[in-house]
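Asker: Sharing start-v3.txt, compact mmCIF, C-alpha atoms and all ligand atoms:
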```
# COMPACT_ATOMS: atom_id res chain seq x y z
CA MET A 1 102.94 19.27 47.86
CA LEU A 2 101.31 18.28 51.10
CA GLU A 3 104.77 18.42 52.66
CA LYS A 4 105.27 21.93 51.22
CA SER A 5 101.90 23.02 52.61
CA LYS A 6 102.89 21.83 56.08
CA GLN A 7 106.18 23.74 55.86
CA ILE A 8 104.42 26.95 54.85
CA ARG A 9 102.04 26.65 57.78
CA ASN A 10 104.96 26.26 60.22
CA THR A 11 107.06 29.16 58.88
CA PHE A 12 103.98 31.34 58.74
CA TYR A 13 103.34 30.95 62.48
CA GLU A 14 107.02 31.44 63.30
CA GLU A 15 107.13 34.68 61.39
CA ALA A 16 103.72 35.76 62.64
CA ASN A 17 104.98 35.57 66.23
CA LYS A 18 107.62 38.16 65.38
CA ALA A 19 105.26 40.65 63.76
CA ASN A 20 104.80 43.53 66.22
CA SER A 21 103.14 46.21 64.15
CA ILE A 22 100.37 46.66 61.62
CA GLN A 23 103.09 47.41 59.08
CA GLU A 24 104.98 44.15 59.74
CA LEU A 25 101.72 42.25 59.58
CA ALA A 26 100.95 43.74 56.17
CA GLU A 27 104.39 42.66 54.96
CA LEU A 28 103.74 39.15 56.29
CA ARG A 29 100.41 38.98 54.42
CA ASP A 30 102.17 40.11 51.27
CA SER A 31 104.89 37.45 51.51
CA TYR A 32 102.23 34.66 51.60
CA PHE A 33 99.32 36.09 49.61
CA GLY A 34 101.15 38.49 47.28
CA ARG A 35 99.83 38.15 43.70
CA LYS A 36 103.22 37.49 42.11
CA ARG A 37 105.58 36.18 44.74
CA GLY A 38 103.33 35.14 47.63
CA LEU A 39 104.44 31.68 48.85
CA LEU A 40 100.87 30.35 49.09
CA THR A 41 99.90 31.95 45.77
CA LEU A 42 102.83 30.22 44.04
CA LEU A 43 101.97 26.93 45.67
CA MET A 44 98.35 27.13 44.51
CA LYS A 45 99.52 27.82 40.97
CA GLN A 46 101.40 24.53 41.07
CA LEU A 47 98.04 22.81 41.59
CA ARG A 48 97.58 22.90 37.82
CA ASP A 49 100.51 20.53 37.41
CA VAL A 50 99.19 17.99 39.91
CA THR A 51 97.70 14.78 38.46
CA PRO A 52 93.88 14.81 38.52
CA ASP A 53 93.83 11.93 41.03
CA ASN A 54 95.59 13.89 43.73
CA ARG A 55 94.24 17.30 42.81
CA ALA A 56 91.07 17.08 44.95
CA GLU A 57 92.92 16.16 48.14
CA ILE A 58 95.71 18.68 47.70
CA GLY A 59 93.29 21.40 46.60
CA LYS A 60 91.23 20.86 49.73
CA GLU A 61 94.35 21.03 51.89
CA LEU A 62 95.57 24.24 50.23
CA ASN A 63 92.14 25.88 50.56
CA GLU A 64 92.04 25.02 54.25
CA LEU A 65 95.54 26.44 54.69
CA LYS A 66 94.52 29.61 52.88
CA LEU A 67 91.42 30.11 55.07
CA GLU A 68 93.40 29.31 58.22
CA LEU A 69 96.18 31.78 57.47
CA GLU A 70 93.72 34.49 56.43
CA SER A 71 91.74 34.20 59.63
CA ALA A 72 94.98 34.13 61.65
CA LEU A 73 96.06 37.38 59.96
CA GLU A 74 92.65 39.00 60.71
CA ARG A 75 92.82 37.96 64.35
CA MET A 76 96.36 39.30 64.77
CA LYS A 77 95.43 42.55 63.08
CA GLY A 78 92.59 43.02 65.58
CA GLN A 79 94.93 42.35 68.52
CA LEU A 80 97.55 44.77 67.21
CA GLU A 81 94.96 47.52 66.73
CA VAL A 82 93.80 47.16 70.34
CA GLN A 83 97.42 47.28 71.49
CA VAL A 84 98.15 50.45 69.48
CA LEU A 85 95.09 52.13 70.97
CA ASN A 86 96.11 51.13 74.51
CA ASP A 87 99.67 52.39 73.96
CA ARG A 88 98.32 55.69 72.71
CA LEU A 89 95.94 56.07 75.65
CA ALA A 90 98.80 55.38 78.06
CA SER A 91 101.21 57.83 76.44
CA GLU A 92 98.63 60.62 76.14
CA GLN A 93 97.33 60.22 79.66
CA VAL A 94 97.10 63.52 81.56
CA ASP A 95 98.76 63.54 84.97
CA VAL A 96 96.57 65.92 86.92
CA THR A 97 99.10 66.09 89.76
CA LEU A 98 101.79 67.73 87.55
CA PRO A 99 102.22 71.49 88.10
CA GLY A 100 100.65 73.57 85.31
CA ASN A 101 102.39 76.02 83.00
CA ARG A 102 102.91 79.27 84.90
CA ARG A 103 101.38 82.26 83.15
CA LEU A 104 102.67 85.74 84.01
CA LEU A 105 100.01 87.84 85.72
CA GLY A 106 100.07 91.57 85.22
CA HIS A 107 99.86 94.00 88.13
CA ALA A 108 100.03 97.73 88.74
CA HIS A 109 103.32 99.42 87.77
CA PRO A 110 105.44 100.45 90.82
CA LEU A 111 104.86 104.14 89.95
CA SER A 112 101.08 103.51 89.93
CA GLN A 113 101.35 101.67 93.26
CA VAL A 114 103.31 104.51 94.90
CA GLY A 115 100.98 107.12 93.35
CA ASN A 116 97.92 105.26 94.65
CA GLU A 117 99.47 104.98 98.11
CA ILE A 118 100.14 108.74 98.22
CA GLU A 119 96.59 109.48 97.02
CA ASP A 120 95.10 107.13 99.64
CA ILE A 121 96.90 108.89 102.51
CA PHE A 122 95.75 112.37 101.46
CA TYR A 123 92.27 111.11 100.60
CA SER A 124 92.01 109.81 104.18
CA MET A 125 92.89 113.34 105.39
CA GLY A 126 89.96 114.81 103.46
CA TYR A 127 91.79 115.90 100.31
CA SER A 128 90.05 115.59 96.94
CA ILE A 129 91.90 114.48 93.82
CA GLU A 130 91.92 116.95 90.91
CA ASP A 131 92.90 116.56 87.29
CA GLY A 132 93.94 118.99 84.53
CA PRO A 133 95.36 119.26 81.01
CA GLU A 134 98.93 118.22 80.19
CA ILE A 135 99.16 120.89 77.48
CA GLU A 136 98.97 124.28 79.17
CA THR A 137 99.28 127.97 78.49
CA PRO A 138 102.22 129.95 79.91
CA TYR A 139 99.66 131.81 82.04
CA TYR A 140 98.65 128.71 84.03
CA ASN A 141 102.07 127.09 84.02
CA PHE A 142 104.04 130.22 85.01
CA GLU A 143 102.40 133.61 85.35
CA ALA A 144 99.54 132.76 87.72
CA LEU A 145 102.06 130.85 89.84
CA ASN A 146 104.09 134.02 90.32
CA ILE A 147 106.75 132.99 87.83
CA PRO A 148 107.09 136.14 85.69
CA GLU A 149 108.62 136.36 82.23
CA HIS A 150 112.43 136.15 82.17
CA HIS A 151 112.37 133.98 85.30
CA PRO A 152 115.00 131.20 84.95
CA ALA A 153 112.30 128.51 85.35
CA ARG A 154 110.78 129.68 82.05
CA ASP A 155 114.01 129.06 80.20
CA ALA A 156 113.40 127.25 76.91
CA GLN A 157 115.96 124.66 78.04
CA ASP A 158 113.58 123.52 80.78
CA THR A 159 110.27 123.72 78.94
CA PHE A 160 108.87 121.92 75.90
CA TYR A 161 106.92 124.44 73.83
CA VAL A 162 104.17 123.08 71.56
CA SER A 163 103.75 126.55 69.99
CA ASP A 164 104.36 130.17 71.02
CA SER A 165 101.28 130.07 73.23
CA LEU A 166 101.18 126.41 74.36
CA LEU A 167 103.59 124.22 76.31
CA LEU A 168 103.78 120.84 78.07
CA ARG A 169 103.22 121.54 81.76
CA THR A 170 106.45 121.46 83.80
CA HIS A 171 104.55 120.71 87.04
CA THR A 172 100.97 119.90 88.09
CA SER A 173 100.59 123.29 89.83
CA PRO A 174 98.45 124.69 86.97
CA VAL A 175 95.69 122.35 88.20
CA GLN A 176 95.78 124.24 91.52
CA ILE A 177 95.18 127.55 89.73
CA ARG A 178 92.37 126.05 87.63
CA THR A 179 90.72 124.60 90.73
CA MET A 180 90.99 127.85 92.72
CA GLU A 181 89.41 129.72 89.78
CA THR A 182 86.26 127.61 90.04
CA ARG A 183 85.99 126.90 93.79
CA ARG A 184 86.02 128.97 96.96
CA PRO A 185 87.93 128.08 100.15
CA PRO A 186 88.14 125.94 102.20
CA LEU A 187 90.09 123.89 99.70
CA ARG A 188 92.14 120.74 100.18
CA ILE A 189 93.27 119.12 96.95
CA ILE A 190 96.02 116.99 95.46
CA CYS A 191 96.86 116.99 91.74
CA PRO A 192 98.62 113.86 90.49
CA GLY A 193 99.84 113.62 86.91
CA ARG A 194 102.56 113.56 84.28
CA VAL A 195 104.90 116.51 83.87
CA PHE A 196 107.50 117.32 81.21
CA ARG A 197 110.92 118.93 81.34
CA HIS A 198 113.68 119.32 78.82
CA ASP A 199 116.14 117.09 80.67
CA ASN A 200 118.46 114.50 79.14
CA PRO A 201 117.63 111.03 80.50
CA ASP A 202 120.14 109.84 83.10
CA ALA A 203 120.09 108.02 86.44
CA THR A 204 118.09 110.80 88.14
CA HIS A 205 116.41 112.66 85.24
CA SER A 206 113.68 111.83 82.78
CA PRO A 207 111.96 114.20 80.33
CA VAL A 208 108.61 112.79 81.52
CA PHE A 209 107.95 112.06 85.17
CA HIS A 210 105.11 112.04 87.69
CA GLN A 211 104.14 114.46 90.43
CA VAL A 212 101.53 114.83 93.13
CA GLU A 213 101.14 118.45 94.12
CA GLY A 214 98.99 119.44 97.07
CA LEU A 215 97.23 122.61 98.18
CA ALA A 216 95.25 123.61 101.25
CA VAL A 217 93.57 127.03 101.56
CA ASP A 218 91.41 128.25 104.41
CA GLU A 219 91.17 130.96 107.03
CA GLY A 220 93.96 130.72 109.60
CA ILE A 221 96.16 128.09 107.97
CA THR A 222 99.73 128.39 109.28
CA PHE A 223 103.16 126.89 108.68
CA ALA A 224 102.46 124.59 111.66
CA ASP A 225 99.57 123.04 109.69
CA LEU A 226 101.95 122.41 106.79
CA LYS A 227 104.50 120.79 109.10
CA GLY A 228 101.88 118.64 110.82
CA THR A 229 100.32 117.51 107.52
CA LEU A 230 103.63 116.57 105.90
CA GLU A 231 104.91 114.83 109.04
CA TYR A 232 101.75 112.75 109.22
CA PHE A 233 102.01 111.93 105.50
CA LEU A 234 105.72 111.06 105.54
CA LYS A 235 105.38 108.80 108.60
CA ALA A 236 102.38 107.07 106.99
CA PHE A 237 104.25 106.57 103.70
CA PHE A 238 107.74 105.64 104.94
CA SER A 239 107.47 104.53 108.57
CA GLU A 240 106.27 105.67 111.97
CA ARG A 241 109.92 106.14 113.07
CA THR A 242 110.66 108.66 110.30
CA LYS A 243 111.95 112.04 111.50
CA VAL A 244 111.20 115.10 109.35
CA ARG A 245 113.33 118.21 108.87
CA PHE A 246 112.50 121.50 107.11
CA ARG A 247 115.24 123.61 105.51
CA PRO A 248 114.65 127.15 104.14
CA SER A 249 114.46 127.28 100.34
CA TYR A 250 112.98 129.35 97.53
CA PHE A 251 110.03 128.69 95.19
CA ALA A 252 108.20 131.48 93.34
CA PHE A 253 104.82 129.93 94.18
CA THR A 254 105.38 129.89 97.96
CA GLU A 255 106.71 132.24 100.63
CA PRO A 256 108.28 131.14 102.91
CA SER A 257 109.47 127.96 101.18
CA ALA A 258 111.18 124.84 102.50
CA GLU A 259 112.94 121.72 101.33
CA VAL A 260 111.77 118.75 103.38
CA ASP A 261 114.12 115.93 104.44
CA ILE A 262 113.41 112.63 106.16
CA SER A 263 115.82 110.79 108.44
CA CYS A 264 117.68 108.04 106.56
CA PHE A 265 115.85 104.76 107.22
CA VAL A 266 118.87 102.70 106.17
CA CYS A 267 121.36 104.01 108.74
CA SER A 268 118.87 105.78 111.10
CA GLY A 269 120.84 109.01 110.77
CA LYS A 270 124.37 107.69 111.32
CA GLY A 271 125.37 108.24 107.68
CA CYS A 272 125.55 105.79 104.76
CA ARG A 273 125.74 105.59 100.95
CA ILE A 274 121.99 106.12 100.48
CA CYS A 275 121.94 109.43 102.42
CA LYS A 276 125.41 110.43 101.15
CA MET A 277 126.69 110.29 104.76
CA SER A 278 124.38 113.12 105.87
CA GLY A 279 121.81 111.01 107.73
CA TRP A 280 119.01 112.83 105.83
CA ILE A 281 117.27 112.30 102.48
CA GLU A 282 115.63 115.19 100.63
CA VAL A 283 112.11 114.17 99.55
CA LEU A 284 110.00 117.20 98.64
CA GLY A 285 109.51 120.95 98.43
CA ALA A 286 106.77 122.94 100.17
CA GLY A 287 105.78 126.31 101.55
CA MET A 288 103.04 128.84 102.30
CA VAL A 289 101.15 129.97 99.19
CA ASN A 290 102.53 133.34 98.05
CA PRO A 291 99.76 135.96 98.54
CA ALA A 292 100.54 137.20 95.00
CA VAL A 293 99.10 133.90 93.70
CA PHE A 294 95.78 134.53 95.50
CA ASN A 295 95.42 137.82 93.62
CA TYR A 296 95.33 135.92 90.29
CA VAL A 297 92.39 133.72 91.44
CA HIS A 298 90.58 136.48 93.36
CA TYR A 299 91.00 134.99 96.82
CA ASP A 300 91.36 137.70 99.50
CA PRO A 301 94.97 137.33 100.79
CA GLU A 302 93.99 139.24 103.94
CA ARG A 303 91.40 136.59 104.75
CA TYR A 304 92.88 133.34 103.42
CA THR A 305 96.21 131.62 103.80
CA GLY A 306 97.33 128.26 102.45
CA PHE A 307 100.17 125.86 101.95
CA ALA A 308 101.36 123.85 98.98
CA PHE A 309 103.76 121.00 98.42
CA GLY A 310 105.16 119.04 95.49
CA ILE A 311 105.96 115.33 95.57
CA GLY A 312 107.92 113.50 92.87
CA ILE A 313 106.43 110.01 92.55
CA GLU A 314 109.63 108.57 91.02
CA ARG A 315 111.66 110.18 93.81
CA PHE A 316 109.43 108.62 96.49
CA ALA A 317 109.54 105.19 94.83
CA MET A 318 113.34 105.38 94.49
CA VAL A 319 113.81 106.35 98.14
CA LYS A 320 111.30 103.80 99.47
CA TYR A 321 112.73 100.85 97.48
CA SER A 322 116.39 102.03 97.25
CA ILE A 323 116.31 102.20 93.43
CA SER A 324 119.39 103.98 92.11
CA ASN A 325 118.34 104.59 88.47
CA ILE A 326 115.10 106.33 87.47
CA GLN A 327 115.29 104.72 84.00
CA HIS A 328 114.29 101.32 85.48
CA PHE A 329 110.72 102.63 85.73
CA TYR A 330 110.40 103.17 81.98
CA GLU A 331 112.22 100.18 80.50
CA SER A 332 109.36 97.66 80.96
CA ASP A 333 111.87 95.01 82.08
CA LEU A 334 109.87 92.21 83.76
CA ARG A 335 112.85 91.28 85.95
CA PHE A 336 112.51 94.72 87.54
CA LEU A 337 108.71 95.04 87.50
CA GLU A 338 108.08 91.57 88.98
CA GLN A 339 109.71 92.70 92.25
CA PHE A 340 106.77 94.94 93.10
ZN ZN A 401 121.85 106.75 105.63
```
Take the structure from the file and write it as structure tokens.
Ligand SMILES: [Zn+2]

Answerer:
Amino acid sequence: MLEKSKQIRNTFYEEANKANSIQELAELRDSYFGRKRGLLTLLMKQLRDVTPDNRAEIGKELNELKLELESALERMKGQLEVQVLNDRLASEQVDVTLPGNRRLLGHAHPLSQVGNEIEDIFYSMGYSIEDGPEIETPYYNFEALNIPEHHPARDAQDTFYVSDSLLLRTHTSPVQIRTMETRRPPLRIICPGRVFRHDNPDATHSPVFHQVEGLAVDEGITFADLKGTLEYFLKAFFSERTKVRFRPSYFAFTEPSAEVDISCFVCSGKGCRICKMSGWIEVLGAGMVNPAVFNYVHYDPERYTGFAFGIGIERFAMVKYSISNIQHFYESDLRFLEQF
């Protein structure tokens, strides 16, 4: 039995050297101290069969072996626990030099940016910024702007009617009428906002879009003031090299009226795809306020003159950034929006 004890001690240490985890260590303990099949347990049971003469010596030896192996198992368990903790600390270590996760930052929509830019330029010229309702009466949207009943612009195909007596404004010009009703000249205002027209969405049309309309009224305002103001604005918005051209046109609200073109900044006037080979790009409509409009707001047309203009914010953004489809502005596609 002493021989057997020696053998158990040797195999225990051999196997203990191979145990690399808490789990393997537990299995090792079980194979020596297990209640039914543990090698040391079985050996100690055999002590009963030993002759009384030898029992004291062998019992002492087996008890020493038991204590030795138990303390060895405790020691190894402690070492393994330290190792597990160290491994975990190493694997969970934070490398502060690694780049962080990039979070997408929001910013102003391109239409807001262009709108703000337009507002800033006119604000610097002494214009105030006015606001008004999006749901209007036909009087403010049409009649007071010299657009009588049966005028093509009133056609139901162009206008969203909320009821017989209310509609969604088709331009921001009603704000000009409302402002003139409450203030006396001199007046220099711009009216930015959403407008609504019964158009099917396509590359150049949207049923909802954004305008900035402007109005200046004072004694002695002439077409030259209109030209100078718009030239200054267009050079400030597009570039100092921009050339500006006025072509005769017709709007009910103004007389005379003009379409305003800028020289193509892509080809500098030689002709390209952007300007449809003409060298010019149409950007806005303008004109001198029709004296008939002043009658509606009780301004004396003999004393006051004024000019007005209408800017499409989408149009300006599309021209400035060479965007070919107006729908990009409304699709909330980050691949598009992140470019601004
Ligand atoms: Zn061109």

Asker: Which residues of segment 275-325 of chain A come within 12 Å of segment 169-175 of chain A, and for each one, what is the closest pair of atoms and their distance in Å to one decimal, counting all atoms listed in the file, sorted by chain and residue number, as a tab-separated table?

Answerer:
```
residue	atom	partner	partner_atom	distance
A:Val289	CA	A:Ser173	CA	11.5
A:Val293	CA	A:Ser173	CA	11.4
A:Val297	CA	A:Pro174	CA	11.8
A:Ala308	CA	A:Ser173	CA	9.2
A:Phe309	CA	A:Ser173	CA	9.4
A:Gly310	CA	A:Ser173	CA	8.4
A:Ile311	CA	A:Thr172	CA	10.1
A:Gly312	CA	A:His171	CA	9.9
```

Asker: Please list as a PyMOL selection string every residue within 10 Å of segment 59-61 of chain A, counting all atoms listed in the file and excluding residues in the same chain fewer than 6 positions away.

Answerer: chain A and resi 1-2+5-6+44+47-48+50

Asker: From the options A:Asp158, A:Glu259, A:Glu81, A:Glu282, which residue's atoms come nearest to ligand ZN 401 (chain A), counting only C-alpha atoms and all ligand atoms?

Answerer: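 Result for the nearest residue to ligand ZN 401 (chain A): A:Glu282.
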
Asker: Need to verify the contact set: segment 134-145 of chain A, 7 Å, all atoms listed in the file, exclusion of same-chain residues closer than 5 positions in sequence. Can you return it as a list in words?

Answerer: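 So the residues in contact are Ser165, Leu166, Leu167, Leu168, Arg169, Pro174, Ile177, Phe253, Val293 and Tyr296 of chain A.
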
Asker: Write out as a ChimeraX atom specification which residues come within 9 Å of segment 211-223 of chain A when counting only C-alpha atoms, dropping same-chain ones fewer than 5 positions away.

Answerer: /A:115,118-119,122,127,171-173,175-176,185-195,228,256,287-289,303-314

Asker: Between atom CA of Lys243 of chain A and atom CA of Asp261 of chain A, what is the spacing in Å?

Answerer: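 Atom CA of Asp261 of chain A sits 8.3 Å away from atom CA of Lys243 of chain A.
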
Asker: Determine, for each residue of chain A having at least one atom at most 10 Å from an atom of ligand ZN 401 (chain A), the closest pair of atoms and their separation in Å to one decimal, counting only C-alpha atoms and all ligand atoms; order by chain and ascending number, as JSON lines.

Answerer:
```
{"residue": "A:Ser263", "atom": "CA", "partner": "A:ZN401", "partner_atom": "ZN", "distance": 7.8}
{"residue": "A:Cys264", "atom": "CA", "partner": "A:ZN401", "partner_atom": "ZN", "distance": 4.5}
{"residue": "A:Phe265", "atom": "CA", "partner": "A:ZN401", "partner_atom": "ZN", "distance": 6.5}
{"residue": "A:Val266", "atom": "CA", "partner": "A:ZN401", "partner_atom": "ZN", "distance": 5.1}
{"residue": "A:Cys267", "atom": "CA", "partner": "A:ZN401", "partner_atom": "ZN", "distance": 4.2}
{"residue": "A:Ser268", "atom": "CA", "partner": "A:ZN401", "partner_atom": "ZN", "distance": 6.3}
{"residue": "A:Gly269", "atom": "CA", "partner": "A:ZN401", "partner_atom": "ZN", "distance": 5.7}
{"residue": "A:Lys270", "atom": "CA", "partner": "A:ZN401", "partner_atom": "ZN", "distance": 6.3}
{"residue": "A:Gly271", "atom": "CA", "partner": "A:ZN401", "partner_atom": "ZN", "distance": 4.3}
{"residue": "A:Cys272", "atom": "CA", "partner": "A:ZN401", "partner_atom": "ZN", "distance": 3.9}
{"residue": "A:Arg273", "atom": "CA", "partner": "A:ZN401", "partner_atom": "ZN", "distance": 6.2}
{"residue": "A:Ile274", "atom": "CA", "partner": "A:ZN401", "partner_atom": "ZN", "distance": 5.2}
{"residue": "A:Cys275", "atom": "CA", "partner": "A:ZN401", "partner_atom": "ZN", "distance": 4.2}
{"residue": "A:Lys276", "atom": "CA", "partner": "A:ZN401", "partner_atom": "ZN", "distance": 6.8}
{"residue": "A:Met277", "atom": "CA", "partner": "A:ZN401", "partner_atom": "ZN", "distance": 6.1}
{"residue": "A:Ser278", "atom": "CA", "partner": "A:ZN401", "partner_atom": "ZN", "distance": 6.9}
{"residue": "A:Gly279", "atom": "CA", "partner": "A:ZN401", "partner_atom": "ZN", "distance": 4.7}
{"residue": "A:Trp280", "atom": "CA", "partner": "A:ZN401", "partner_atom": "ZN", "distance": 6.7}
{"residue": "A:Ile281", "atom": "CA", "partner": "A:ZN401", "partner_atom": "ZN", "distance": 7.9}
```

Asker: What is the atom CA of Ile262 of chain A-atom CA of Val114 of chain A distance in Å, reported with one decimal?

Answerer: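 So the two atoms, atom CA of Ile262 of chain A and atom CA of Val114 of chain A, lie 17.2 Å apart.
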
Asker: Nearest residue to Glu70 of chain A out of A:Arg88, A:Arg55, A:Arg29, A:Arg37, using only C-alpha atoms?

Answerer: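 That would be A:Arg29, the residue with the smallest distance to Glu70 of chain A.
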
Asker: Of the candidates A:Asn325, A:Gln339, A:Gln7, A:Thr97, which one gets nearest to Ser206 of chain A if we count all atoms listed in the file?

Answerer: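 Distance minimum relative to Ser206 of chain A lands on A:Asn325.
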
Asker: Ranking A:Ile147, A:Ile326, A:Ala236, A:Ile129 by minimum distance to Val208 of chain A and counting all atoms listed in the file, which one comes first?

Answerer: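 Between A:Ile147, A:Ile326, A:Ala236, A:Ile129, the residue approaching Val208 of chain A most closely is A:Ile326.
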
Asker: For a quick check of understanding, using all atoms listed in the file, which of A:Arg241, A:Asp199, A:Asn20, A:Val260 has the smallest distance to Gln79 of chain A?

Answerer: A:Asn20

Asker: If I take atom CA of Val283 of chain A and atom CA of Pro301 of chain A, how far is one from the other in Å, to one decimal?

Answerer: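 Interatomic distance, atom CA of Val283 of chain A to atom CA of Pro301 of chain A: 28.8 Å.
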
Asker: If we count only C-alpha atoms and set the cut-off at 12 Å, which residues sit around Phe12 of chain A, ignoring sequence neighbours fewer than 4 positions away in its own chain? Please answer as a list of chain:residue names.

Answerer: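 The contact residues come out as A:Ser5, A:Lys6, A:Gln7, A:Ile8, A:Ala16, A:Asn17, A:Lys18, A:Ala19, A:Leu25, A:Glu27, A:Leu28, A:Arg29, A:Asp30, A:Ser31, A:Tyr32, A:Phe33, A:Gly38, A:Leu39, A:Leu40, A:Leu65, A:Lys66, A:Glu68, A:Leu69, A:Glu70, A:Ala72, A:Leu73.
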